[in-house]
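Printed here is my_file-v3.pdb (PDB, C-alpha atoms, pLDDT in the B column):
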ATOM      1  CA  MET A 364       1.950 -26.669 -54.274  1.00 75.00           C
ATOM      2  CA  LYS A 365       0.185 -27.040 -50.931  1.00 81.00           C
ATOM      3  CA  ALA A 366       1.837 -30.420 -50.398  1.00 80.00           C
ATOM      4  CA  LEU A 367       5.287 -28.934 -51.087  1.00 83.00           C
ATOM      5  CA  LEU A 368       4.662 -26.157 -48.577  1.00 85.00           C
ATOM      6  CA  TYR A 369       3.478 -28.630 -45.966  1.00 84.00           C
ATOM      7  CA  LEU A 370       6.523 -30.815 -46.579  1.00 81.00           C
ATOM      8  CA  GLU A 371       8.812 -27.845 -45.928  1.00 84.00           C
ATOM      9  CA  TYR A 372       6.838 -27.038 -42.793  1.00 86.00           C
ATOM     10  CA  ILE A 373       7.243 -30.582 -41.458  1.00 84.00           C
ATOM     11  CA  MET A 374      10.935 -30.733 -42.344  1.00 82.00           C
ATOM     12  CA  THR A 375      11.651 -27.511 -40.445  1.00 82.00           C
ATOM     13  CA  GLY A 376      10.118 -28.801 -37.220  1.00 81.00           C
ATOM     14  CA  GLY A 377       6.349 -28.479 -37.412  1.00 79.00           C
ATOM     15  CA  LYS A 378       4.012 -26.911 -34.869  1.00 80.00           C
ATOM     16  CA  LYS A 379       5.837 -28.285 -31.802  1.00 83.00           C
ATOM     17  CA  LEU A 380       9.091 -26.486 -32.619  1.00 82.00           C
ATOM     18  CA  TYR A 381       7.322 -23.311 -33.701  1.00 86.00           C
ATOM     19  CA  GLY A 382       5.284 -23.349 -30.502  1.00 87.00           C
ATOM     20  CA  ILE A 383       8.461 -23.561 -28.408  1.00 88.00           C
ATOM     21  CA  ILE A 384      10.035 -20.683 -30.346  1.00 87.00           C
ATOM     22  CA  LEU A 385       6.963 -18.471 -29.856  1.00 88.00           C
ATOM     23  CA  GLY A 386       6.833 -19.328 -26.158  1.00 90.00           C
ATOM     24  CA  ILE A 387      10.483 -18.367 -25.660  1.00 91.00           C
ATOM     25  CA  GLY A 388       9.802 -15.094 -27.461  1.00 90.00           C
ATOM     26  CA  LEU A 389       6.992 -14.196 -25.073  1.00 90.00           C
ATOM     27  CA  LEU A 390       9.226 -15.030 -22.119  1.00 91.00           C
ATOM     28  CA  THR A 391      11.918 -12.604 -23.281  1.00 89.00           C
ATOM     29  CA  THR A 392       9.530  -9.658 -22.961  1.00 88.00           C
ATOM     30  CA  VAL A 393       9.569  -9.922 -19.149  1.00 88.00           C
ATOM     31  CA  LEU A 394      13.338 -10.413 -18.946  1.00 86.00           C
ATOM     32  CA  PRO A 395      16.144  -7.830 -19.257  1.00 82.00           C
ATOM     33  CA  PRO A 396      16.463  -6.310 -22.767  1.00 78.00           C
ATOM     34  CA  ALA A 397      19.577  -8.288 -23.707  1.00 78.00           C
ATOM     35  CA  PHE A 398      17.482 -11.468 -23.767  1.00 85.00           C
ATOM     36  CA  LEU A 399      15.102 -10.024 -26.359  1.00 85.00           C
ATOM     37  CA  MET A 400      17.954  -9.015 -28.642  1.00 81.00           C
ATOM     38  CA  PHE A 401      19.600 -12.407 -28.237  1.00 84.00           C
ATOM     39  CA  TYR A 402      16.295 -14.093 -29.134  1.00 89.00           C
ATOM     40  CA  ILE A 403      15.907 -11.953 -32.267  1.00 86.00           C
ATOM     41  CA  ILE A 404      19.474 -12.635 -33.406  1.00 83.00           C
ATOM     42  CA  ALA A 405      19.056 -16.375 -32.765  1.00 85.00           C
ATOM     43  CA  GLY A 406      15.780 -16.359 -34.706  1.00 87.00           C
ATOM     44  CA  ILE A 407      17.375 -14.618 -37.684  1.00 85.00           C
ATOM     45  CA  LEU A 408      20.265 -17.089 -37.622  1.00 83.00           C
ATOM     46  CA  LEU A 409      17.959 -20.127 -37.463  1.00 85.00           C
ATOM     47  CA  LEU A 410      15.721 -18.898 -40.271  1.00 87.00           C
ATOM     48  CA  ALA A 411      18.707 -18.078 -42.470  1.00 83.00           C
ATOM     49  CA  LEU A 412      20.276 -21.466 -41.725  1.00 85.00           C
ATOM     50  CA  ALA A 413      17.064 -23.458 -42.258  1.00 88.00           C
ATOM     51  CA  PRO A 414      17.280 -23.715 -46.087  1.00 89.00           C
ATOM     52  CA  GLN A 415      20.886 -24.883 -45.819  1.00 87.00           C
ATOM     53  CA  LEU A 416      20.130 -27.488 -43.140  1.00 86.00           C
ATOM     54  CA  MET A 417      17.108 -28.786 -45.047  1.00 88.00           C
ATOM     55  CA  SER A 418      19.195 -29.032 -48.204  1.00 87.00           C
ATOM     56  CA  LEU A 419      21.697 -31.226 -46.358  1.00 86.00           C
ATOM     57  CA  GLN A 420      18.869 -33.536 -45.336  1.00 84.00           C
ATOM     58  CA  ARG A 421      17.623 -33.722 -48.931  1.00 84.00           C
ATOM     59  CA  LEU A 422      21.081 -34.621 -50.217  1.00 85.00           C
ATOM     60  CA  LYS A 423      21.481 -37.356 -47.609  1.00 83.00           C
ATOM     61  CA  GLY A 424      18.021 -38.759 -48.306  1.00 76.00           C
ATOM     62  CA  HIS A 425      18.320 -38.555 -52.137  1.00 73.00           C
ATOM     63  CA  PHE A 426      15.287 -36.278 -52.189  1.00 73.00           C
ATOM     64  CA  ASP A 427      15.851 -35.499 -55.877  1.00 69.00           C
ATOM     65  CA  ARG A 428      14.790 -39.055 -56.745  1.00 70.00           C
ATOM     66  CA  TYR A 429      11.691 -38.744 -54.607  1.00 69.00           C
ATOM     67  CA  THR A 430      10.613 -35.589 -56.440  1.00 68.00           C
ATOM     68  CA  LEU A 431      10.321 -37.633 -59.634  1.00 66.00           C
ATOM     69  CA  THR A 432       7.314 -39.403 -58.090  1.00 72.00           C
ATOM     70  CA  LEU A 433       5.558 -36.111 -57.346  1.00 71.00           C
ATOM     71  CA  PRO A 434       3.183 -34.368 -59.770  1.00 78.00           C
ATOM     72  CA  TYR A 435       5.158 -31.121 -59.529  1.00 77.00           C
ATOM     73  CA  SER A 436       7.677 -29.525 -61.848  1.00 82.00           C
ATOM     74  CA  ARG A 437      11.031 -28.198 -60.715  1.00 83.00           C
ATOM     75  CA  PHE A 438       9.729 -24.669 -61.230  1.00 87.00           C
ATOM     76  CA  GLU A 439       6.955 -25.374 -58.724  1.00 88.00           C
ATOM     77  CA  THR A 440       9.497 -26.797 -56.271  1.00 88.00           C
ATOM     78  CA  VAL A 441      11.513 -23.580 -56.457  1.00 91.00           C
ATOM     79  CA  ALA A 442       8.378 -21.449 -56.102  1.00 91.00           C
ATOM     80  CA  ALA A 443       7.137 -23.406 -53.072  1.00 91.00           C
ATOM     81  CA  ARG A 444      10.444 -23.163 -51.258  1.00 92.00           C
ATOM     82  CA  TYR A 445      10.703 -19.416 -51.846  1.00 94.00           C
ATOM     83  CA  LEU A 446       7.100 -18.897 -50.792  1.00 94.00           C
ATOM     84  CA  PHE A 447       7.615 -20.851 -47.575  1.00 94.00           C
ATOM     85  CA  TYR A 448      10.787 -19.104 -46.424  1.00 94.00           C
ATOM     86  CA  LEU A 449       9.616 -15.643 -47.413  1.00 94.00           C
ATOM     87  CA  ALA A 450       6.345 -16.221 -45.546  1.00 94.00           C
ATOM     88  CA  ALA A 451       8.317 -17.465 -42.519  1.00 92.00           C
ATOM     89  CA  ALA A 452      10.549 -14.367 -42.632  1.00 92.00           C
ATOM     90  CA  ALA A 453       7.522 -12.065 -42.933  1.00 94.00           C
ATOM     91  CA  CYS A 454       5.802 -13.774 -39.987  1.00 93.00           C
ATOM     92  CA  PHE A 455       8.950 -13.503 -37.877  1.00 93.00           C
ATOM     93  CA  THR A 456       9.217  -9.797 -38.721  1.00 92.00           C
ATOM     94  CA  VAL A 457       5.649  -9.217 -37.534  1.00 93.00           C
ATOM     95  CA  TRP A 458       6.352 -11.320 -34.454  1.00 93.00           C
ATOM     96  CA  ILE A 459       9.428  -9.378 -33.348  1.00 90.00           C
ATOM     97  CA  THR A 460       7.529  -6.127 -33.938  1.00 89.00           C
ATOM     98  CA  LEU A 461       4.856  -7.328 -31.509  1.00 91.00           C
ATOM     99  CA  LEU A 462       7.509  -8.477 -29.033  1.00 90.00           C
ATOM    100  CA  PHE A 463       9.180  -5.064 -29.100  1.00 86.00           C
ATOM    101  CA  ALA A 464       5.833  -3.368 -28.504  1.00 86.00           C
ATOM    102  CA  LEU A 465       5.003  -5.735 -25.627  1.00 89.00           C
ATOM    103  CA  PHE A 466       8.477  -5.280 -24.161  1.00 86.00           C
ATOM    104  CA  PHE A 467       8.067  -1.500 -24.015  1.00 83.00           C
ATOM    105  CA  VAL A 468       4.656  -1.883 -22.381  1.00 85.00           C
ATOM    106  CA  ILE A 469       6.150  -4.059 -19.645  1.00 85.00           C
ATOM    107  CA  HIS A 470       9.444  -2.141 -19.301  1.00 79.00           C
ATOM    108  CA  ARG A 471       8.261   1.444 -19.295  1.00 76.00           C
ATOM    109  CA  ASP A 472      11.716   2.678 -18.279  1.00 71.00           C
ATOM    110  CA  SER A 473      13.238   1.340 -21.527  1.00 68.00           C
ATOM    111  CA  VAL A 474      12.962   3.248 -24.786  1.00 64.00           C
ATOM    112  CA  LEU A 475      14.365   2.655 -28.254  1.00 64.00           C
ATOM    113  CA  ASN A 476      13.459   5.584 -30.461  1.00 63.00           C
ATOM    114  CA  GLY A 477      12.670   4.503 -34.006  1.00 65.00           C
ATOM    115  CA  TYR A 478      12.395   0.826 -33.074  1.00 71.00           C
ATOM    116  CA  LEU A 479      10.093   0.112 -36.033  1.00 75.00           C
ATOM    117  CA  PHE A 480      12.916   0.959 -38.422  1.00 77.00           C
ATOM    118  CA  VAL A 481      15.241  -1.147 -36.277  1.00 77.00           C
ATOM    119  CA  VAL A 482      12.878  -4.082 -36.882  1.00 81.00           C
ATOM    120  CA  LEU A 483      12.894  -3.275 -40.606  1.00 82.00           C
ATOM    121  CA  TYR A 484      16.697  -3.172 -40.562  1.00 81.00           C
ATOM    122  CA  LEU A 485      16.892  -6.584 -38.891  1.00 82.00           C
ATOM    123  CA  ALA A 486      14.271  -7.976 -41.275  1.00 86.00           C
ATOM    124  CA  ALA A 487      16.312  -6.720 -44.234  1.00 85.00           C
ATOM    125  CA  HIS A 488      19.251  -8.822 -43.021  1.00 82.00           C
ATOM    126  CA  LEU A 489      16.953 -11.826 -42.665  1.00 86.00           C
ATOM    127  CA  PHE A 490      15.426 -11.525 -46.149  1.00 90.00           C
ATOM    128  CA  GLY A 491      18.838 -10.780 -47.625  1.00 86.00           C
ATOM    129  CA  GLY A 492      20.326 -13.853 -45.962  1.00 85.00           C
ATOM    130  CA  ILE A 493      17.566 -16.093 -47.305  1.00 90.00           C
ATOM    131  CA  ALA A 494      18.012 -14.587 -50.770  1.00 90.00           C
ATOM    132  CA  LEU A 495      21.737 -15.393 -50.707  1.00 87.00           C
ATOM    133  CA  ILE A 496      21.377 -18.911 -49.296  1.00 90.00           C
ATOM    134  CA  LEU A 497      18.541 -20.373 -51.406  1.00 92.00           C
ATOM    135  CA  PRO A 498      20.382 -20.359 -54.777  1.00 92.00           C
ATOM    136  CA  LEU A 499      23.301 -22.184 -53.148  1.00 91.00           C
ATOM    137  CA  THR A 500      20.958 -24.886 -51.835  1.00 90.00           C
ATOM    138  CA  PHE A 501      19.454 -25.424 -55.285  1.00 91.00           C
ATOM    139  CA  LEU A 502      22.929 -25.541 -56.830  1.00 89.00           C
ATOM    140  CA  ALA A 503      24.025 -28.117 -54.246  1.00 89.00           C
ATOM    141  CA  GLU A 504      20.992 -30.300 -54.949  1.00 86.00           C
ATOM    142  CA  ARG A 505      21.447 -29.997 -58.696  1.00 85.00           C
ATOM    143  CA  ILE A 506      25.094 -31.129 -58.702  1.00 85.00           C
ATOM    144  CA  GLY A 507      24.692 -33.492 -55.738  1.00 82.00           C
ATOM    145  CA  SER A 508      27.533 -31.904 -53.774  1.00 82.00           C
ATOM    146  CA  THR A 509      27.722 -30.047 -50.465  1.00 82.00           C
ATOM    147  CA  TRP A 510      30.467 -27.545 -51.330  1.00 84.00           C
ATOM    148  CA  PRO A 511      27.977 -24.748 -52.238  1.00 83.00           C
ATOM    149  CA  LEU A 512      26.503 -25.165 -48.768  1.00 81.00           C
ATOM    150  CA  GLY A 513      29.945 -24.490 -47.297  1.00 80.00           C
ATOM    151  CA  ILE A 514      29.843 -21.061 -48.929  1.00 80.00           C
ATOM    152  CA  SER A 515      26.493 -20.445 -47.241  1.00 74.00           C
ATOM    153  CA  TYR A 516      28.123 -20.951 -43.828  1.00 73.00           C
ATOM    154  CA  ILE A 517      30.558 -18.138 -44.584  1.00 77.00           C
ATOM    155  CA  ILE A 518      27.755 -15.829 -45.717  1.00 72.00           C
ATOM    156  CA  ILE A 519      25.576 -16.553 -42.692  1.00 71.00           C
ATOM    157  CA  TYR A 520      28.239 -16.145 -40.049  1.00 70.00           C
ATOM    158  CA  ALA A 521      29.669 -13.011 -41.651  1.00 68.00           C
ATOM    159  CA  GLY A 522      26.183 -11.499 -41.559  1.00 66.00           C
ATOM    160  CA  LEU A 523      25.624 -12.778 -38.027  1.00 63.00           C
ATOM    161  CA  LEU A 524      28.792 -11.067 -36.801  1.00 63.00           C
ATOM    162  CA  LYS A 525      27.561  -7.777 -38.220  1.00 65.00           C
ATOM    163  CA  ILE A 526      24.153  -8.162 -36.550  1.00 64.00           C
ATOM    164  CA  VAL A 527      25.712  -9.083 -33.189  1.00 62.00           C
ATOM    165  CA  ILE A 528      27.909  -5.971 -33.280  1.00 61.00           C
ATOM    166  CA  LEU A 529      24.878  -3.879 -34.224  1.00 63.00           C
ATOM    167  CA  ALA A 530      22.733  -5.438 -31.503  1.00 59.00           C
ATOM    168  CA  ILE A 531      25.103  -4.175 -28.819  1.00 58.00           C
ATOM    169  CA  PHE A 532      23.924  -0.684 -29.756  1.00 57.00           C
ATOM    170  CA  LEU A 533      20.262  -1.706 -30.140  1.00 58.00           C
ATOM    171  CA  ILE A 534      19.623  -2.974 -26.611  1.00 56.00           C
ATOM    172  CA  PRO A 535      16.871  -0.681 -25.291  1.00 53.00           C
ATOM    173  CA  THR A 536      18.009   1.614 -22.483  1.00 51.00           C
ATOM    174  CA  ALA A 537      16.640   4.828 -21.044  1.00 46.00           C
ATOM    175  CA  ASP A 538      15.968   7.239 -23.917  1.00 52.00           C
ATOM    176  CA  SER A 539      18.250   5.361 -26.342  1.00 56.00           C
ATOM    177  CA  THR A 540      18.202   6.352 -30.009  1.00 58.00           C
ATOM    178  CA  VAL A 541      19.579   4.579 -33.060  1.00 62.00           C
ATOM    179  CA  ILE A 542      20.457   6.770 -36.040  1.00 62.00           C
ATOM    180  CA  PHE A 543      20.736   5.404 -39.572  1.00 65.00           C
ATOM    181  CA  SER A 544      22.265   7.315 -42.451  1.00 67.00           C
ATOM    182  CA  PRO A 545      20.144   7.997 -45.570  1.00 72.00           C
ATOM    183  CA  GLU A 546      22.291   5.492 -47.469  1.00 69.00           C
ATOM    184  CA  GLU A 547      21.601   2.778 -44.881  1.00 68.00           C
ATOM    185  CA  LYS A 548      17.877   3.493 -45.023  1.00 71.00           C
ATOM    186  CA  MET A 549      17.824   3.282 -48.818  1.00 76.00           C
ATOM    187  CA  LEU A 550      19.838   0.047 -48.796  1.00 72.00           C
ATOM    188  CA  THR A 551      17.502  -1.401 -46.165  1.00 74.00           C
ATOM    189  CA  LEU A 552      14.419  -0.625 -48.253  1.00 76.00           C
ATOM    190  CA  LEU A 553      15.719  -1.458 -51.745  1.00 80.00           C
ATOM    191  CA  GLY A 554      18.396  -4.091 -51.101  1.00 80.00           C
ATOM    192  CA  PRO A 555      16.257  -7.118 -50.144  1.00 85.00           C
ATOM    193  CA  PRO A 556      13.784  -6.862 -53.092  1.00 89.00           C
ATOM    194  CA  PHE A 557      16.675  -6.631 -55.565  1.00 90.00           C
ATOM    195  CA  LEU A 558      18.500  -9.549 -53.918  1.00 88.00           C
ATOM    196  CA  LEU A 559      15.337 -11.664 -53.868  1.00 91.00           C
ATOM    197  CA  LEU A 560      14.675 -11.082 -57.560  1.00 93.00           C
ATOM    198  CA  LEU A 561      18.255 -12.001 -58.460  1.00 93.00           C
ATOM    199  CA  SER A 562      18.093 -14.975 -56.086  1.00 92.00           C
ATOM    200  CA  TRP A 563      14.875 -16.229 -57.718  1.00 93.00           C
ATOM    201  CA  LEU A 564      16.384 -16.066 -61.200  1.00 92.00           C
ATOM    202  CA  LEU A 565      19.575 -17.843 -60.114  1.00 92.00           C
ATOM    203  CA  SER A 566      17.662 -20.591 -58.338  1.00 92.00           C
ATOM    204  CA  ARG A 567      15.530 -21.290 -61.398  1.00 91.00           C
ATOM    205  CA  ALA A 568      18.660 -21.348 -63.565  1.00 90.00           C
ATOM    206  CA  PHE A 569      20.543 -23.689 -61.217  1.00 89.00           C
ATOM    207  CA  TYR A 570      17.698 -26.096 -60.500  1.00 87.00           C
ATOM    208  CA  CYS A 571      15.467 -26.070 -63.567  1.00 82.00           C
ATOM    209  CA  CYS A 572      17.528 -25.415 -66.682  1.00 75.00           C
ATOM    210  CA  GLY A 573      18.744 -28.469 -68.532  1.00 58.00           C
ATOM    211  CA  PHE A 574      16.183 -30.798 -66.974  1.00 50.00           C
ATOM    212  CA  LYS A 575      13.153 -32.432 -68.463  1.00 48.00           C
ATOM    213  CA  GLN A 576      10.237 -33.888 -66.581  1.00 46.00           C
ATOM    214  CA  LYS A 577      10.810 -37.601 -66.184  1.00 46.00           C
ATOM    215  CA  LYS A 578       8.157 -40.254 -66.012  1.00 45.00           C
ATOM    216  CA  VAL A 579       8.173 -42.772 -63.222  1.00 41.00           C
ATOM    217  CA  ILE A 580       7.819 -46.330 -64.462  1.00 43.00           C
ATOM    218  CA  GLU A 581       5.822 -48.530 -62.134  1.00 42.00           C
TER     219      GLU A 581
END

Give the structure from this file in structure tokens form.
Amino acid sequence: MKALLYLEYIMTGGKKLYGIILGIGLLTTVLPPAFLMFYIIAGILLLALAPQLMSLQRLKGHFDRYTLTLPYSRFETVAARYLFYLAAAACFTVWITLLFALFFVIHRDSVLNGYLFVVLYLAAHLFGGIALILPLTFLAERIGSTWPLGISYIIIYAGLLKIVILAIFLIPTADSTVIFSPEEKMLTLLGPPFLLLLSWLLSRAFYCCGFKQKKVIE
């Protein structure tokens, strides 16, 4: 399992890329507020796109054949990929929370009342996007075709458009307040866990059912 997690880490860029992303995030805290929101939106987009982009690389490199040489079952492959992307999304959520807090320390004239729920709202979109994309990547790798990944583009950019429109109203200004309806709050809290559970079951069905562990003949 550890090797599968490390493989995903290397495929998504490794410590050099993550270091650059963290450095840009720190820089946005001393810039005007629009830069911070743009950084958060870009981060959500990249994290949501990462499973799809990595799946394309696996299809091109015939990764499914390589997995036959590994001492891991398909169930473990699914579990490792979910664990990696959910951990990445959780870390990014904590990171943007810290960036918001640092931003308000530096820019004392900017206020966004209820910003912690704003972070939760953005994180819900991130977790929901990952939950929708991962089953499509496993389906694509199972059938050896890229058309399921085309659907993921539609999902990602439709969600991105919604977040961009929302972000226009989330840019911190003097005494700004964002109000969410009770329905939006409930959907934010309950939607991602439900989607992730359904996503997990679909991914296991797409990628694991109908397969038997094969032996590699030397």

A:Tyr445: which residues within 10 Å, counting all atoms listed in the file, same-chain residues fewer than 4 positions away excluded, as a list in words? Leu368, Pro414, Glu439, Thr440, Val441, Leu449, Ala450, Ala451, Ile493, Ala494, Leu497, Leu559, Ser562, Trp563 and Ser566 of chain A

Hits from the PyMOL selection byres ((chain A and resi 399-412) around 7), listed as a short mmCIF file (atom, residue, chain, number, x, y, z; two decimals) with C-alpha atoms, in the frame of the given file:
data_model
loop_
_atom_site.label_atom_id
_atom_site.label_comp_id
_atom_site.auth_asym_id
_atom_site.auth_seq_id
_atom_site.Cartn_x
_atom_site.Cartn_y
_atom_site.Cartn_z
CA GLY A 388 9.80 -15.09 -27.46
CA THR A 391 11.92 -12.60 -23.28
CA THR A 392 9.53 -9.66 -22.96
CA PRO A 396 16.46 -6.31 -22.77
CA ALA A 397 19.58 -8.29 -23.71
CA PHE A 398 17.48 -11.47 -23.77
CA ALA A 413 17.06 -23.46 -42.26
CA PRO A 414 17.28 -23.72 -46.09
CA GLN A 415 20.89 -24.88 -45.82
CA LEU A 416 20.13 -27.49 -43.14
CA LEU A 489 16.95 -11.83 -42.66
CA GLY A 492 20.33 -13.85 -45.96
CA ILE A 493 17.57 -16.09 -47.30
CA LEU A 523 25.62 -12.78 -38.03
CA ALA A 530 22.73 -5.44 -31.50
CA ILE A 534 19.62 -2.97 -26.61
#

Nearest to A:Thr456 by atom-to-atom distance, counting all atoms listed in the file, from A:Leu389, A:Val481, A:Met374, A:Leu512: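 Of A:Leu389, A:Val481, A:Met374, A:Leu512, the one nearest A:Thr456 is A:Val481, counting all atoms listed in the file.
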
I'd like to see the residues matched by the PyMOL selection byres ((chain A and resi 501-507) around 12) on this file, and ideally I'd get them as a VMD selection string. chain A and resid 414 to 428 430 437 to 438 440 to 442 444 to 445 494 to 500 508 to 515 562 to 574

In Å to one decimal, how far is atom CA of A:Thr460 from atom CA of A:Ile387?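 Here the two named atoms are 15.1 Å from each other.
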
Separation of atom CA of A:Ile384 from atom CA of A:Leu462 in Å: 12.5 Å

State, in Å with one decimal place, the distance from atom CA of A:Val482 to atom CA of A:Leu465.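 Value for the atom CA of A:Val482-atom CA of A:Leu465 distance: 13.8 Å.
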
Smallest atom-to-atom distance to A:Lys365: which of A:Ala443, A:Tyr516, A:Thr551, A:Leu485, using all atoms listed in the file?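 Ranked by minimum distance to A:Lys365, first place goes to A:Ala443.
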
What do you get, as a list in words, if you spell out every residue that the PyMOL selection byres ((chain A and resi 487) around 8) selects here? Leu483, Tyr484, Leu485, Ala486, His488, Leu489, Phe490, Gly491, Thr551, Leu552, Gly554 and Pro555 of chain A

Centre and edge lengths, as JSON, for the axis-aligned box enclosing every listed atom of stretch 430-441 of chain A with 4 Å of padding on each of the six sides, in Å to one decimal?
{"center_x": 7.3, "center_y": -31.5, "center_z": -59.1, "size_x": 16.3, "size_y": 23.8, "size_z": 13.6}
